[in-house]
$ cat upload34.txt   # compact mmCIF, C-alpha atoms
# COMPACT_ATOMS: atom_id res chain seq x y z
CA MET A 1 -87.67 15.08 -248.39
CA LEU A 2 -90.77 15.07 -250.58
CA SER A 3 -93.65 17.54 -250.36
CA ARG A 4 -97.24 16.37 -250.64
CA ILE A 5 -99.78 18.07 -252.90
CA ASP A 6 -103.28 16.93 -252.04
CA GLU A 7 -106.49 16.84 -254.04
CA THR A 8 -107.78 20.16 -252.71
CA THR A 9 -104.57 21.93 -253.70
CA LEU A 10 -104.77 20.35 -257.17
CA GLU A 11 -108.35 21.58 -257.54
CA LYS A 12 -107.53 25.11 -256.40
CA MET A 13 -104.72 25.62 -258.93
CA THR A 14 -105.48 28.14 -261.68
CA GLN A 15 -106.24 26.52 -265.03
CA ARG A 16 -102.92 27.63 -266.52
CA TYR A 17 -100.82 26.49 -263.53
CA ARG A 18 -102.57 23.13 -263.39
CA ALA A 19 -102.06 22.60 -267.13
CA GLN A 20 -98.30 23.14 -266.71
CA PHE A 21 -98.14 21.04 -263.56
CA VAL A 22 -100.22 18.03 -264.57
CA ASN A 23 -98.68 17.92 -268.05
CA SER A 24 -95.28 17.62 -266.34
CA LEU A 25 -96.26 14.67 -264.15
CA SER A 26 -96.20 12.03 -266.87
CA GLY A 27 -92.46 12.58 -267.49
CA TYR A 28 -90.69 12.65 -270.85
CA LYS A 29 -93.02 12.36 -273.81
CA SER A 30 -92.37 11.67 -277.45
CA ALA A 31 -92.55 14.73 -279.75
CA ASN A 32 -94.14 14.08 -283.13
CA LEU A 33 -95.67 15.95 -286.01
CA ILE A 34 -98.97 14.65 -287.39
CA GLY A 35 -99.27 15.21 -291.15
CA SER A 36 -102.71 15.07 -292.73
CA ILE A 37 -104.64 16.30 -295.76
CA SER A 38 -108.24 17.34 -296.32
CA PRO A 39 -110.45 16.00 -299.12
CA GLN A 40 -109.85 19.42 -300.72
CA GLU A 41 -106.10 18.70 -300.59
CA LEU A 42 -105.22 21.28 -297.94
CA THR A 43 -102.30 19.92 -295.95
CA ASN A 44 -102.11 20.20 -292.17
CA LEU A 45 -99.38 19.73 -289.60
CA ALA A 46 -99.74 19.56 -285.80
CA ILE A 47 -97.28 18.75 -283.03
CA VAL A 48 -98.50 16.20 -280.48
CA SER A 49 -96.98 14.85 -277.30
CA SER A 50 -99.68 12.24 -276.72
CA LEU A 51 -98.49 9.47 -279.05
CA PHE A 52 -98.10 6.07 -277.41
CA HIS A 53 -97.17 2.53 -278.36
CA LEU A 54 -100.24 0.27 -278.41
CA GLY A 55 -98.68 -2.95 -279.65
CA ALA A 56 -96.09 -4.46 -281.98
CA ASN A 57 -98.14 -7.23 -283.60
CA PRO A 58 -100.06 -5.81 -285.36
CA PRO A 59 -98.01 -2.57 -285.22
CA LEU A 60 -100.40 -0.08 -283.61
CA MET A 61 -100.07 3.42 -282.17
CA GLY A 62 -102.47 5.42 -280.02
CA LEU A 63 -102.96 9.16 -279.86
CA ILE A 64 -105.09 11.41 -277.63
CA LEU A 65 -106.71 14.46 -279.25
CA ARG A 66 -108.84 17.15 -277.73
CA PRO A 67 -111.75 17.75 -280.12
CA HIS A 68 -111.93 21.50 -279.54
CA SER A 69 -108.22 22.45 -279.49
CA ALA A 70 -105.59 23.25 -282.11
CA PRO A 71 -105.23 19.79 -283.72
CA ARG A 72 -108.95 19.69 -284.61
CA HIS A 73 -108.15 20.17 -288.30
CA SER A 74 -105.89 17.12 -288.11
CA LEU A 75 -108.73 15.16 -286.56
CA GLU A 76 -111.19 16.19 -289.28
CA ASN A 77 -108.68 15.21 -291.96
CA ILE A 78 -107.92 11.85 -290.33
CA GLN A 79 -111.61 11.04 -290.09
CA ALA A 80 -112.25 12.14 -293.69
CA THR A 81 -109.30 10.35 -295.32
CA GLY A 82 -108.63 7.45 -292.93
CA CYS A 83 -104.90 8.10 -292.83
CA PHE A 84 -102.14 10.33 -291.47
CA THR A 85 -98.40 10.39 -290.95
CA ILE A 86 -96.31 10.51 -287.76
CA ASN A 87 -93.01 12.33 -288.10
CA GLN A 88 -90.47 12.31 -285.31
CA VAL A 89 -89.20 15.72 -284.20
CA HIS A 90 -85.41 16.12 -284.02
CA LYS A 91 -83.25 18.84 -282.59
CA ASN A 92 -82.91 20.86 -285.80
CA ILE A 93 -86.66 21.18 -286.42
CA HIS A 94 -88.06 21.38 -282.89
CA ARG A 95 -88.69 25.15 -283.07
CA GLN A 96 -90.65 24.84 -286.31
CA ALA A 97 -92.48 21.83 -284.85
CA HIS A 98 -93.49 23.82 -281.74
CA GLN A 99 -94.66 26.72 -283.91
CA SER A 100 -97.16 24.39 -285.63
CA SER A 101 -99.23 24.55 -282.42
CA ALA A 102 -100.25 28.17 -283.16
CA ARG A 103 -103.87 28.52 -284.26
CA TYR A 104 -103.47 29.00 -287.99
CA PRO A 105 -106.68 29.37 -290.00
CA ARG A 106 -108.08 26.31 -291.80
CA GLU A 107 -106.96 27.51 -295.23
CA GLN A 108 -103.32 28.05 -294.26
CA SER A 109 -101.05 25.01 -294.23
CA GLU A 110 -98.78 24.81 -291.18
CA PHE A 111 -96.11 23.40 -293.50
CA ASP A 112 -95.83 26.81 -295.20
CA ALA A 113 -96.41 28.77 -292.01
CA VAL A 114 -93.57 27.14 -290.05
CA GLY A 115 -91.20 26.35 -292.91
CA LEU A 116 -91.30 22.57 -293.21
CA THR A 117 -91.64 20.64 -296.46
CA PRO A 118 -94.45 18.22 -297.34
CA ARG A 119 -93.32 15.01 -299.01
CA PHE A 120 -95.78 12.62 -300.65
CA GLY A 121 -95.36 8.85 -300.95
CA ASP A 122 -97.26 6.30 -303.05
CA ARG A 123 -98.92 4.39 -300.22
CA LEU A 124 -101.01 7.15 -298.55
CA ILE A 125 -102.35 10.54 -299.55
CA ALA A 126 -101.28 12.18 -296.24
CA PRO A 127 -98.07 14.24 -296.43
CA TYR A 128 -94.84 13.36 -294.63
CA VAL A 129 -92.44 15.94 -293.21
CA ALA A 130 -89.42 15.78 -295.54
CA GLU A 131 -87.07 17.05 -292.81
CA SER A 132 -87.97 14.26 -290.35
CA ARG A 133 -85.55 11.32 -290.00
CA LEU A 134 -88.15 8.80 -288.85
CA SER A 135 -91.70 8.81 -290.22
CA MET A 136 -94.58 6.39 -290.21
CA GLY A 137 -97.55 6.05 -292.53
CA MET A 138 -100.70 5.30 -290.52
CA GLU A 139 -104.11 3.89 -291.37
CA LEU A 140 -106.91 4.79 -288.98
CA VAL A 141 -108.33 1.84 -287.05
CA ARG A 142 -110.72 3.46 -284.59
CA VAL A 143 -111.75 6.71 -282.88
CA ARG A 144 -112.99 6.30 -279.30
CA HIS A 145 -114.68 8.98 -277.26
CA LEU A 146 -113.32 9.01 -273.70
CA GLU A 147 -116.21 10.17 -271.54
CA GLU A 148 -114.05 10.84 -268.50
CA ASN A 149 -112.74 14.08 -270.00
CA ASP A 150 -114.35 14.43 -273.43
CA THR A 151 -111.21 13.60 -275.40
CA LEU A 152 -110.72 11.26 -278.33
CA MET A 153 -108.38 8.32 -278.57
CA ILE A 154 -107.21 7.48 -282.07
CA SER A 155 -105.80 4.02 -282.76
CA ALA A 156 -103.99 3.47 -286.04
CA ARG A 157 -101.89 0.87 -287.80
CA VAL A 158 -98.34 1.42 -289.09
CA VAL A 159 -98.37 0.60 -292.82
CA GLU A 160 -94.92 1.89 -293.72
CA VAL A 161 -91.86 3.34 -292.02
CA TRP A 162 -89.30 5.76 -293.44
CA LEU A 163 -86.06 5.97 -291.53
CA ASP A 164 -82.40 6.82 -291.53
CA LYS A 165 -80.87 3.35 -291.23
CA ALA A 166 -77.88 4.73 -289.33
CA ALA A 167 -80.13 4.41 -286.24
CA LEU A 168 -81.04 0.74 -286.74
CA ALA A 169 -79.30 -1.86 -284.51
CA ASP A 170 -78.94 -5.52 -285.56
CA ASP A 171 -81.80 -6.63 -283.33
CA GLY A 172 -84.34 -4.08 -284.58
CA HIS A 173 -83.77 -1.47 -281.85
CA LEU A 174 -83.45 2.16 -282.97
CA HIS A 175 -80.78 4.39 -281.44
CA LEU A 176 -82.73 7.62 -281.08
CA GLU A 177 -79.64 9.64 -280.15
CA ARG A 178 -78.31 9.04 -283.66
CA LEU A 179 -81.46 10.72 -285.00
CA ASP A 180 -81.22 13.66 -282.55
CA THR A 181 -84.76 12.73 -281.50
CA VAL A 182 -86.38 15.17 -279.09
CA ALA A 183 -88.56 14.53 -276.05
CA VAL A 184 -91.00 17.04 -274.61
CA SER A 185 -91.96 17.59 -270.97
CA GLY A 186 -94.88 19.61 -269.72
CA LEU A 187 -96.29 21.83 -272.45
CA ASP A 188 -93.24 23.54 -273.86
CA HIS A 189 -89.91 22.06 -272.68
CA TYR A 190 -87.75 20.18 -275.21
CA HIS A 191 -84.93 17.75 -274.44
CA LYS A 192 -82.29 15.68 -276.18
CA GLY A 193 -81.63 12.18 -274.87
CA GLU A 194 -78.34 11.04 -273.40
CA SER A 195 -77.89 7.25 -273.34
CA LEU A 196 -77.52 5.37 -270.05
CA GLY A 197 -77.20 2.12 -272.02
CA ARG A 198 -79.44 -0.84 -272.74
CA LEU A 199 -80.28 -3.53 -270.19
CA ALA A 200 -80.75 -7.22 -270.95
CA TYR A 201 -84.13 -8.94 -270.67
CA ALA A 202 -84.68 -9.20 -266.91
CA LYS A 203 -84.68 -12.65 -265.29
CA THR A 204 -85.41 -13.63 -261.71
CA GLY A 205 -82.33 -14.73 -259.80
CA GLN A 206 -79.82 -12.62 -261.72
CA PRO A 207 -78.93 -8.93 -261.37
CA PRO A 208 -79.76 -6.41 -264.14
CA LEU A 209 -77.14 -6.89 -266.89
CA SER A 210 -75.95 -4.33 -269.42
CA LEU A 211 -76.55 -5.17 -273.06
CA GLU A 212 -73.79 -4.50 -275.56
CA SER A 213 -75.16 -2.33 -278.34
CA MET B 1 -81.60 9.64 -297.56
CA LEU B 2 -84.34 7.63 -295.87
CA SER B 3 -85.03 3.93 -296.39
CA ARG B 4 -88.59 2.64 -296.71
CA ILE B 5 -89.85 -0.37 -294.80
CA ASP B 6 -93.15 -1.56 -296.26
CA GLU B 7 -96.01 -3.55 -294.77
CA THR B 8 -94.77 -6.90 -296.10
CA THR B 9 -91.35 -6.37 -294.53
CA LEU B 10 -93.00 -5.43 -291.22
CA GLU B 11 -95.08 -8.61 -291.33
CA LYS B 12 -92.11 -10.83 -292.15
CA MET B 13 -90.00 -9.65 -289.20
CA THR B 14 -89.47 -12.25 -286.48
CA GLN B 15 -91.56 -11.61 -283.38
CA ARG B 16 -88.53 -10.53 -281.35
CA TYR B 17 -87.13 -8.20 -284.03
CA ARG B 18 -90.53 -6.62 -284.62
CA ALA B 19 -91.03 -6.09 -280.87
CA GLN B 20 -87.71 -4.20 -280.69
CA PHE B 21 -88.39 -2.26 -283.88
CA VAL B 22 -92.00 -1.21 -283.35
CA ASN B 23 -91.40 -0.35 -279.69
CA SER B 24 -88.68 2.05 -280.86
CA LEU B 25 -90.90 3.89 -283.33
CA SER B 26 -92.88 5.87 -280.79
CA GLY B 27 -89.74 7.68 -279.58
CA TYR B 28 -88.84 8.53 -275.98
CA LYS B 29 -91.28 7.19 -273.42
CA SER B 30 -91.76 7.93 -269.78
CA ALA B 31 -90.37 5.29 -267.37
CA ASN B 32 -92.53 4.65 -264.31
CA LEU B 33 -93.01 2.07 -261.59
CA ILE B 34 -96.58 1.03 -260.81
CA GLY B 35 -97.03 0.21 -257.12
CA SER B 36 -100.03 -1.88 -256.09
CA ILE B 37 -101.24 -4.18 -253.34
CA SER B 38 -103.49 -7.24 -253.27
CA PRO B 39 -106.46 -7.66 -250.90
CA GLN B 40 -104.14 -10.10 -249.03
CA GLU B 41 -101.63 -7.22 -248.65
CA LEU B 42 -98.99 -8.59 -251.00
CA THR B 43 -97.24 -5.61 -252.59
CA ASN B 44 -96.35 -5.53 -256.27
CA LEU B 45 -94.12 -3.36 -258.42
CA ALA B 46 -93.94 -3.23 -262.24
CA ILE B 47 -92.10 -0.96 -264.64
CA VAL B 48 -94.22 0.44 -267.47
CA SER B 49 -93.37 2.62 -270.46
CA SER B 50 -96.97 3.06 -271.59
CA LEU B 51 -98.10 5.85 -269.25
CA PHE B 52 -99.61 8.86 -270.99
CA HIS B 53 -101.20 12.18 -270.09
CA LEU B 54 -104.96 12.10 -270.61
CA GLY B 55 -105.92 15.52 -269.31
CA ALA B 56 -105.18 18.18 -266.71
CA ASN B 57 -108.69 19.03 -265.56
CA PRO B 58 -109.59 16.64 -264.03
CA PRO B 59 -106.01 15.34 -263.69
CA LEU B 60 -106.10 11.99 -265.53
CA MET B 61 -103.49 9.52 -266.74
CA GLY B 62 -103.81 6.58 -269.11
CA LEU B 63 -101.88 3.32 -269.16
CA ILE B 64 -101.83 0.36 -271.56
CA LEU B 65 -101.47 -3.11 -270.04
CA ARG B 66 -101.26 -6.51 -271.71
CA PRO B 67 -103.53 -8.84 -269.74
CA HIS B 68 -101.28 -11.90 -270.15
CA SER B 69 -97.81 -10.38 -269.60
CA ALA B 70 -95.66 -9.54 -266.58
CA PRO B 71 -97.74 -6.68 -265.11
CA ARG B 72 -100.82 -8.94 -264.78
CA HIS B 73 -100.46 -8.99 -260.99
CA SER B 74 -100.55 -5.19 -261.04
CA LEU B 75 -103.72 -5.31 -263.10
CA GLU B 76 -105.41 -7.76 -260.73
CA ASN B 77 -104.46 -5.59 -257.75
CA ILE B 78 -105.69 -2.39 -259.43
CA GLN B 79 -109.01 -3.99 -260.25
CA ALA B 80 -109.37 -5.43 -256.75
CA THR B 81 -108.43 -2.30 -254.78
CA GLY B 82 -109.33 0.51 -257.20
CA CYS B 83 -106.01 2.29 -256.69
CA PHE B 84 -102.29 2.28 -257.50
CA THR B 85 -99.27 4.55 -257.44
CA ILE B 86 -97.10 5.90 -260.26
CA ASN B 87 -93.46 6.46 -259.33
CA GLN B 88 -91.07 8.18 -261.70
CA VAL B 89 -87.84 6.32 -262.41
CA HIS B 90 -84.63 8.33 -262.01
CA LYS B 91 -81.07 7.58 -262.95
CA ASN B 92 -80.06 6.02 -259.62
CA ILE B 93 -82.87 3.46 -259.56
CA HIS B 94 -83.29 2.62 -263.25
CA ARG B 95 -81.50 -0.75 -262.97
CA GLN B 96 -83.71 -1.88 -260.09
CA ALA B 97 -86.75 -0.55 -261.95
CA HIS B 98 -85.84 -2.57 -265.07
CA GLN B 99 -85.31 -5.69 -262.96
CA SER B 100 -88.95 -5.47 -261.76
CA SER B 101 -89.97 -6.71 -265.24
CA ALA B 102 -88.67 -10.22 -264.47
CA ARG B 103 -91.43 -12.78 -263.90
CA TYR B 104 -91.39 -13.10 -260.14
CA PRO B 105 -93.97 -15.46 -258.61
CA ARG B 106 -97.19 -14.02 -257.20
CA GLU B 107 -96.10 -14.45 -253.57
CA GLN B 108 -92.79 -12.59 -253.97
CA SER B 109 -92.89 -8.80 -253.82
CA GLU B 110 -90.78 -7.10 -256.50
CA PHE B 111 -89.92 -4.46 -253.87
CA ASP B 112 -87.88 -7.08 -251.99
CA ALA B 113 -86.64 -8.82 -255.12
CA VAL B 114 -85.14 -5.69 -256.71
CA GLY B 115 -84.21 -3.75 -253.56
CA LEU B 116 -86.65 -0.84 -253.49
CA THR B 117 -88.59 0.30 -250.43
CA PRO B 118 -92.39 0.45 -250.11
CA ARG B 119 -93.73 3.59 -248.45
CA PHE B 120 -97.34 3.90 -247.33
CA GLY B 121 -99.37 7.10 -247.17
CA ASP B 122 -102.73 7.86 -245.54
CA ARG B 123 -104.73 8.49 -248.68
CA LEU B 124 -104.42 5.13 -250.51
CA ILE B 125 -103.56 1.57 -249.54
CA ALA B 126 -101.23 1.11 -252.55
CA PRO B 127 -97.49 1.43 -251.78
CA TYR B 128 -95.25 4.19 -253.08
CA VAL B 129 -91.59 3.69 -254.00
CA ALA B 130 -89.70 5.52 -251.25
CA GLU B 131 -86.67 6.12 -253.54
CA SER B 132 -88.71 7.91 -256.24
CA ARG B 133 -88.56 11.72 -256.36
CA LEU B 134 -91.96 12.19 -258.03
CA SER B 135 -94.91 9.93 -257.20
CA MET B 136 -98.64 10.09 -257.79
CA GLY B 137 -101.50 8.42 -255.97
CA MET B 138 -104.12 7.20 -258.47
CA GLU B 139 -107.75 6.19 -258.23
CA LEU B 140 -109.00 3.89 -260.96
CA VAL B 141 -111.62 5.45 -263.25
CA ARG B 142 -112.11 2.83 -265.95
CA VAL B 143 -110.67 -0.26 -267.62
CA ARG B 144 -111.34 -0.51 -271.36
CA HIS B 145 -110.69 -3.55 -273.48
CA LEU B 146 -109.09 -2.56 -276.79
CA GLU B 147 -110.30 -5.12 -279.31
CA GLU B 148 -107.74 -4.18 -281.96
CA ASN B 149 -104.96 -6.02 -280.10
CA ASP B 150 -106.53 -7.46 -276.94
CA THR B 151 -104.90 -4.98 -274.55
CA LEU B 152 -106.39 -2.98 -271.71
CA MET B 153 -106.42 0.76 -271.28
CA ILE B 154 -106.54 1.95 -267.69
CA SER B 155 -107.67 5.50 -266.97
CA ALA B 156 -107.08 6.87 -263.49
CA ARG B 157 -107.31 10.12 -261.56
CA VAL B 158 -104.43 11.78 -259.73
CA VAL B 159 -105.51 12.22 -256.10
CA GLU B 160 -102.18 13.26 -254.62
CA VAL B 161 -98.65 14.08 -255.75
CA TRP B 162 -95.41 13.65 -253.82
CA LEU B 163 -92.46 15.57 -255.21
CA ASP B 164 -89.11 17.12 -254.62
CA LYS B 165 -89.98 20.83 -254.85
CA ALA B 166 -86.53 21.65 -256.20
CA ALA B 167 -88.00 20.68 -259.59
CA LEU B 168 -91.02 23.01 -259.44
CA ALA B 169 -90.94 26.23 -261.50
CA ASP B 170 -93.04 29.30 -260.64
CA ASP B 171 -95.60 28.54 -263.35
CA GLY B 172 -96.21 24.90 -262.33
CA HIS B 173 -93.76 23.35 -264.81
CA LEU B 174 -91.46 20.61 -263.45
CA HIS B 175 -87.79 20.57 -264.45
CA LEU B 176 -87.29 16.83 -264.93
CA GLU B 177 -83.49 17.17 -265.28
CA ARG B 178 -83.38 18.28 -261.65
CA LEU B 179 -85.01 14.95 -260.71
CA ASP B 180 -82.64 12.90 -262.94
CA THR B 181 -85.81 11.52 -264.56
CA VAL B 182 -85.19 8.74 -267.04
CA ALA B 183 -86.82 8.07 -270.41
CA VAL B 184 -86.96 4.68 -272.08
CA SER B 185 -86.84 3.85 -275.79
CA GLY B 186 -87.67 0.55 -277.35
CA LEU B 187 -87.84 -2.22 -274.77
CA ASP B 188 -84.63 -1.77 -272.83
CA HIS B 189 -82.76 1.47 -273.56
CA TYR B 190 -82.62 4.16 -270.85
CA HIS B 191 -81.80 7.83 -271.28
CA LYS B 192 -81.26 11.00 -269.29
CA GLY B 193 -82.69 14.24 -270.65
CA GLU B 194 -80.61 17.22 -271.67
CA SER B 195 -82.57 20.49 -271.86
CA LEU B 196 -82.92 22.36 -275.15
CA GLY B 197 -84.95 25.02 -273.31
CA ARG B 198 -88.60 25.97 -273.11
CA LEU B 199 -90.52 27.70 -275.90
CA ALA B 200 -93.24 30.29 -275.41
CA TYR B 201 -96.89 29.59 -276.29
CA ALA B 202 -96.91 29.65 -280.09
CA LYS B 203 -98.77 32.48 -281.87
CA THR B 204 -99.40 33.01 -285.56
CA GLY B 205 -97.37 35.85 -287.04
CA GLN B 206 -94.44 35.61 -284.66
CA PRO B 207 -91.45 33.25 -284.65
CA PRO B 208 -90.96 30.60 -281.92
CA LEU B 209 -89.64 32.43 -278.84
CA SER B 210 -87.54 31.01 -276.03
CA LEU B 211 -89.05 31.13 -272.56
CA GLU B 212 -86.90 32.16 -269.65
CA SER B 213 -87.04 29.46 -267.02

$ encode --input "upload34.txt" --output "structure tokens"
Amino acid sequence: MLSRIDETTLEKMTQRYRAQFVNSLSGYKSANLIGSISPQELTNLAIVSSLFHLGANPPLMGLILRPHSAPRHSLENIQATGCFTINQVHKNIHRQAHQSSARYPREQSEFDAVGLTPRFGDRLIAPYVAESRLSMGMELVRVRHLEENDTLMISARVVEVWLDKAALADDGHLHLERLDTVAVSGLDHYHKGESLGRLAYAKTGQPPLSLES
Amino acid sequence: MLSRIDETTLEKMTQRYRAQFVNSLSGYKSANLIGSISPQELTNLAIVSSLFHLGANPPLMGLILRPHSAPRHSLENIQATGCFTINQVHKNIHRQAHQSSARYPREQSEFDAVGLTPRFGDRLIAPYVAESRLSMGMELVRVRHLEENDTLMISARVVEVWLDKAALADDGHLHLERLDTVAVSGLDHYHKGESLGRLAYAKTGQPPLSLES
């Protein structure tokens, strides 16, 4: 038996309760660290749960940022340099990743503060997280202001991928369990994934079929 | 040791391989069924993995839809009626949910085709999925065309929530494991979550602390 929560009840929730509640409604979210660098070469690291797939061809990702909250240094760096990195959070670094959400001052790198290691490639000036097992180099495409709640939507193009090939299946699928990838729910709850299997491309007139993987 | 996949390799992938690969890069995604209805009262159901949290105050969700792919009937219904429902997929309905992605003709409801039950409330004309344990009623706020890859971003406001209160913690957080909520990775891989615990609000100068829950 389900309970109903109506609009008035939603409106009357305290700010903190509503933040926990509404952030839980969208289900499991991807946990990623955004690596960026300022023109003065100060590195920055911020955990985000708002990354989403925009499209495969061209390979594009989207990201929602609140202009006045903790990842604002990331936003300034992305706008100044036109690039950033996305680094998947796995089980062994999820506590350090969470800690990056504390409000460190501009001049302190979260890499040092939380104990993760910047790694630099040749393609972009933004730093990767050396401990991550799946990272993407991103070039900024566009920043949109979303008037409905004064947030920003970043769209960016994947220009390189770094990964542990143990996760890669023959058809291009990645087995996230093999990377110990973490999901986040609400604001602060972390989860490992447990596979229920893959399902074949759905066709009318046949039942859902399991895919061997 | 990580392997690098550069831009040229990404471009040379076959369309099918790249779809699998790039869809896997964004990590665990929320699995949800979008319920909608046409002005002629034909119900429609479509699984999406592109739902994301836009903000808690007001409570807003975002959704990416491809105008020419399977959920196009959902899109037409949402634009015609200004509303839809979001229904979380759990372990016991994930096969039916996946099957809703088959290309059923306009006049056939996916509810019937896959064996899920429409449930109607008083607040909206769009149908809920009776089997879901967490559902949201949504009012359309805006449809944006994203020029970078010809997709649409829907933003919508949560006007009511239906849930199994067994999942609700004292502070508003929802324990998704108690709902058997499913995550999806790539295009076709389903996962249960296994809790690694909650972490307290991060503060500079103190280590990441576990939250009792």

$ residues_around --input "upload34.txt" --residues "Ile47 (chain B)" --least-positions-apart "4" --cutoff "9 Å" --atoms "all atoms listed in the file" --output "PyMOL selection string"
chain B and resi 31-34+71+89+97-101

$ residues_around --input "upload34.txt" --residues "Leu140 (chain A)" --least-positions-apart "5" --cutoff "12 Å" --atoms "all atoms listed in the file" --output "PyMOL selection string"
(chain A and resi 36+60-63+75+77-85+124+126+153-159) or (chain B and resi 148)

$ residues_around --input "upload34.txt" --residues "region 161-163 of chain A" --least-positions-apart "6" --cutoff "10 Å" --atoms "only C-alpha atoms" --output "ChimeraX atom specification"
/A:85-88,128,132-138,174,179 /B:1-7,10,22,25

$ closest_residue --input "upload34.txt" --among "A:Ser38, A:Asn57, A:Ser74, A:Ser185" --to "His173 (chain B)" --atoms "all atoms listed in the file"
A:Ser185

$ atom_distance --input "upload34.txt" --atom1 "CA of Ala113 (chain A)" --atom2 "CA of Lys203 (chain B)"
11.1 Å

$ closest_residue --input "upload34.txt" --among "B:Gln206, B:Thr8, B:Ser195, B:Thr151" --to "chain A" --atoms "all atoms listed in the file"
B:Ser195

$ closest_residue --input "upload34.txt" --among "B:Phe120, B:Arg103, B:Arg95, B:Pro208" --to "Leu196 (chain A)" --atoms "all atoms listed in the file"
B:Arg95

$ build_atoms --input "upload34.txt" --residues "region 108-121 of chain B" --atoms "N, CA and C atoms" --output "short mmCIF file (atom, residue, chain, number, x, y, z; two decimals), in the coordinates of the input"
data_model
loop_
_atom_site.label_atom_id
_atom_site.label_comp_id
_atom_site.auth_asym_id
_atom_site.auth_seq_id
_atom_site.Cartn_x
_atom_site.Cartn_y
_atom_site.Cartn_z
N GLN B 108 -94.01 -13.35 -254.25
CA GLN B 108 -92.79 -12.59 -253.97
C GLN B 108 -92.98 -11.13 -254.40
N SER B 109 -92.76 -10.21 -253.47
CA SER B 109 -92.89 -8.80 -253.82
C SER B 109 -91.67 -8.36 -254.61
N GLU B 110 -91.90 -7.65 -255.72
CA GLU B 110 -90.78 -7.10 -256.50
C GLU B 110 -90.01 -6.05 -255.70
N PHE B 111 -90.65 -5.41 -254.72
CA PHE B 111 -89.92 -4.46 -253.87
C PHE B 111 -88.71 -5.16 -253.25
N ASP B 112 -88.97 -6.31 -252.60
CA ASP B 112 -87.88 -7.08 -251.99
C ASP B 112 -86.91 -7.60 -253.04
N ALA B 113 -87.47 -8.15 -254.11
CA ALA B 113 -86.64 -8.82 -255.12
C ALA B 113 -85.64 -7.86 -255.75
N VAL B 114 -86.04 -6.60 -255.99
CA VAL B 114 -85.14 -5.69 -256.71
C VAL B 114 -84.45 -4.69 -255.77
N GLY B 115 -84.87 -4.64 -254.51
CA GLY B 115 -84.21 -3.75 -253.56
C GLY B 115 -84.73 -2.32 -253.56
N LEU B 116 -86.04 -2.17 -253.66
CA LEU B 116 -86.65 -0.84 -253.49
C LEU B 116 -87.59 -0.91 -252.28
N THR B 117 -87.91 0.26 -251.72
CA THR B 117 -88.59 0.30 -250.43
C THR B 117 -90.04 0.76 -250.56
N PRO B 118 -91.00 -0.04 -250.09
CA PRO B 118 -92.39 0.45 -250.11
C PRO B 118 -92.61 1.52 -249.04
N ARG B 119 -93.38 2.52 -249.40
CA ARG B 119 -93.73 3.59 -248.45
C ARG B 119 -95.24 3.75 -248.51
N PHE B 120 -95.89 3.80 -247.35
CA PHE B 120 -97.34 3.90 -247.33
C PHE B 120 -97.79 5.28 -246.87
N GLY B 121 -98.79 5.82 -247.56
CA GLY B 121 -99.37 7.10 -247.17
C GLY B 121 -100.72 6.87 -246.50
#
